[in-house]
Amino acid sequence: MTSSHTHHLQVCRTCGGGAPVDVHFCPSCTKILTLGRQGDYFSFLSLPRKLNLDPALIEQKFRALSRQFHPDYYYNATPTERRASLERSSYLNDAYRTLRQPASRVAYLLEVEGVLKPSDHEAAKKVPASLLEEVFALNEELDDVREMRASGAPEDAWRARLATAAGPIEAKRAEHEAQLQELSTRWDALQDGDDAGRQAVLNALRERVLERNYINNLLATIEREATGTGGPQL
Amino acid sequence: MAYSSKVIDHYENPRNVGSLPKEDPNVGTGLVGAPECGDVMKLQVKVNPETGIIDDAKFKTFGCGSAIASSSLATEWLKGKTVEQALAIKNTDIVEELALPPVKIHCSVLAEDAIKAAISDYKKKQDAQGQPAAGATTQPTA
């Protein structure tokens, strides 16, 4: 995807006219535009690039566009328009799915701002220094739980132990959510042109997002243990 | 992947697994994580305040066989060494001894980091007590 800061023109496949990057219908011939160059999910839905977005507003924008793009309306249209309707509907669904959830919204923002590459999610497998203590303690607890199960301890006993093990990680997640919320509010309040401020908030957000991914991995590990599909790996 | 017989031996019969009292002023604790694979390793040394020699070392590692073997070997080597000698242990010594393949070299780096972290924790504790760490200086501390 190209950066949304560069204002490419789209070309109308029906009349050959030019159109600004974030409009969906040709200004000259009013036909739906095929999806060539577009900005990003935020601009596609004409939403500001902010983190605290009103869910009702996202829903409203999605529904309005969804109606306009719906393939049923293009049943008798030209192949170009039918293709355009499918392309815009499908991109719209991706945009909506991504922006609807605050977690994927912040990850997407970091991607379009160029501070988080999809491959960086690999980094979520690494132990962040701030989490070493918790990770170590959790591993010890999980070992104990496995031992309890191996020696035939009653289920409610090892489940209670597992719940104790999850406690600090869940507390950490709650702390993270609060930090993310605070940073999101700071991001939304930033003024245009405050590049240093933007970069600082983006970097802090990136760290939080990667840590959160790791915390979620830990909680998934606990969940696997609870359902009996976990186990030590060589 | 094929592990060397020494790695397998340390993995199956790890030496010195366990914990030392973290609050003991003569115990240094190093807790490190491997950025490559998410392993965590805890390594502790107990220094004899009279002689400045490490007379006990323990580890606990959650990770792959090479990480466990590297830390197990490290604790074996640490015992009987002075703090300064301990700091001279290099990850390449561990690689050589265990015949670690290139993809597992980071496990030996982790073990070296754990040694350094444990010693640094020990020295910090000694400094906090207002006395030079045993074995940390070349001057005898009468």
# chains A, B, ... in the order shown; residues from 1 in each chain; ligands from 1

$ interface_residues --of "chain B" --to "chain A" --cutoff "6 Å" --atoms "only C-alpha atoms" --output "MDAnalysis selection string"
chainID B and resid 33 35 38 64:65

$ residues_around --residues "B:Leu43" --least-positions-apart "2" --cutoff "7 Å" --atoms "only C-alpha atoms" --output "JSON, numbers by chain"
{"B": [29, 30, 31, 41, 45, 58, 59, 60, 114, 115, 118]}

$ residues_around --residues "stretch 100-107 of chain A" --least-positions-apart "2" --cutoff "9 Å" --atoms "only C-alpha atoms" --output "MDAnalysis selection string"
chainID A and resid 50:53 55 58:59 95:98 109:112 116 184 205:206 209

$ closest_residue --among "A:Val23, A:Leu9, A:Ile32, A:Leu162" --to "A:Arg149" --atoms "only C-alpha atoms"
A:Leu162

$ closest_residue --among "B:Glu97, B:Asp56, B:Asp113, B:Glu12" --to "B:Glu76" --atoms "only C-alpha atoms"
B:Asp56

$ select_by_dssp --residues "stretch 7-208 of chain A" --states "strand (DSSP E or B)" --output "mmCIF file with all heavy atoms, in the first residue's frame"
data_model
loop_
_atom_site.group_PDB
_atom_site.id
_atom_site.type_symbol
_atom_site.label_atom_id
_atom_site.label_comp_id
_atom_site.auth_asym_id
_atom_site.auth_seq_id
_atom_site.Cartn_x
_atom_site.Cartn_y
_atom_site.Cartn_z
ATOM 1 N N LEU A 9 -3.982 10.282 -7.950
ATOM 2 C CA LEU A 9 -5.314 10.332 -8.533
ATOM 3 C C LEU A 9 -5.732 8.926 -8.900
ATOM 4 O O LEU A 9 -4.916 8.089 -9.242
ATOM 5 C CB LEU A 9 -5.303 11.184 -9.807
ATOM 6 C CG LEU A 9 -5.393 12.705 -9.642
ATOM 7 C CD1 LEU A 9 -5.372 13.361 -11.010
ATOM 8 C CD2 LEU A 9 -6.663 13.097 -8.897
ATOM 9 N N GLN A 10 -7.014 8.669 -8.792
ATOM 10 C CA GLN A 10 -7.535 7.427 -9.332
ATOM 11 C C GLN A 10 -7.984 7.722 -10.760
ATOM 12 O O GLN A 10 -8.280 8.853 -11.092
ATOM 13 C CB GLN A 10 -8.776 6.967 -8.554
ATOM 14 C CG GLN A 10 -8.574 6.832 -7.060
ATOM 15 C CD GLN A 10 -9.835 6.269 -6.426
ATOM 16 O OE1 GLN A 10 -10.076 5.078 -6.429
ATOM 17 N NE2 GLN A 10 -10.644 7.161 -5.873
ATOM 18 N N VAL A 11 -8.035 6.680 -11.570
ATOM 19 C CA VAL A 11 -8.525 6.853 -12.931
ATOM 20 C C VAL A 11 -9.825 6.076 -13.082
ATOM 21 O O VAL A 11 -9.904 4.904 -12.710
ATOM 22 C CB VAL A 11 -7.486 6.364 -13.966
ATOM 23 C CG1 VAL A 11 -8.063 6.423 -15.368
ATOM 24 C CG2 VAL A 11 -6.213 7.187 -13.863
ATOM 25 N N GLY A 18 -10.193 11.600 -14.102
ATOM 26 C CA GLY A 18 -9.418 11.459 -12.866
ATOM 27 C C GLY A 18 -10.308 11.719 -11.665
ATOM 28 O O GLY A 18 -11.325 12.404 -11.758
ATOM 29 N N ALA A 19 -9.918 11.119 -10.526
ATOM 30 C CA ALA A 19 -10.693 11.322 -9.297
ATOM 31 C C ALA A 19 -9.741 11.376 -8.116
ATOM 32 O O ALA A 19 -8.714 10.700 -8.132
ATOM 33 C CB ALA A 19 -11.689 10.188 -9.117
ATOM 34 N N PRO A 20 -10.052 12.170 -7.097
ATOM 35 C CA PRO A 20 -9.208 12.194 -5.899
ATOM 36 C C PRO A 20 -9.143 10.801 -5.270
ATOM 37 O O PRO A 20 -10.013 9.961 -5.505
ATOM 38 C CB PRO A 20 -9.918 13.180 -4.960
ATOM 39 C CG PRO A 20 -10.859 13.945 -5.814
ATOM 40 C CD PRO A 20 -11.210 13.070 -6.972
ATOM 41 N N PHE A 25 -16.815 7.320 -6.100
ATOM 42 C CA PHE A 25 -17.549 7.417 -7.361
ATOM 43 C C PHE A 25 -16.932 8.512 -8.218
ATOM 44 O O PHE A 25 -16.471 9.526 -7.699
ATOM 45 C CB PHE A 25 -19.031 7.722 -7.081
ATOM 46 C CG PHE A 25 -19.704 6.598 -6.351
ATOM 47 C CD1 PHE A 25 -19.708 6.571 -4.959
ATOM 48 C CD2 PHE A 25 -20.282 5.549 -7.049
ATOM 49 C CE1 PHE A 25 -20.291 5.512 -4.272
ATOM 50 C CE2 PHE A 25 -20.883 4.489 -6.361
ATOM 51 C CZ PHE A 25 -20.885 4.458 -4.976
ATOM 52 N N ILE A 32 -19.218 3.978 -10.191
ATOM 53 C CA ILE A 32 -18.349 3.488 -9.114
ATOM 54 C C ILE A 32 -16.950 3.226 -9.674
ATOM 55 O O ILE A 32 -16.802 2.736 -10.803
ATOM 56 C CB ILE A 32 -18.958 2.217 -8.452
ATOM 57 C CG1 ILE A 32 -18.134 1.823 -7.220
ATOM 58 C CG2 ILE A 32 -19.031 1.055 -9.449
ATOM 59 C CD1 ILE A 32 -18.824 0.774 -6.344
#

$ residues_around --residues "A:Tyr91" --least-positions-apart "3" --cutoff "9 Å" --atoms "only C-alpha atoms" --output "ChimeraX atom specification"
/A:35,41,44,86-88,94-96

$ closest_residue --among "B:Thr61, B:Ile68, B:Lys90, B:Pro102" --to "B:Val32" --atoms "only C-alpha atoms"
B:Thr61

$ select_by_dssp --residues "stretch 67-231 of chain A" --states "helix (DSSP H, G or I)" --output "PyMOL selection string"
chain A and resi 67-69+71-74+79-100+102-112+118-125+129-150+155-189+195-226

$ atom_distance --atom1 "atom CA of A:Phe62" --atom2 "atom CA of A:Leu92"
7.2 Å

$ residues_around --residues "A:Trp187" --least-positions-apart "2" --cutoff "9 Å" --atoms "only C-alpha atoms" --output "PyMOL selection string"
chain A and resi 50-51+182-185+189-191+197-198+201-202
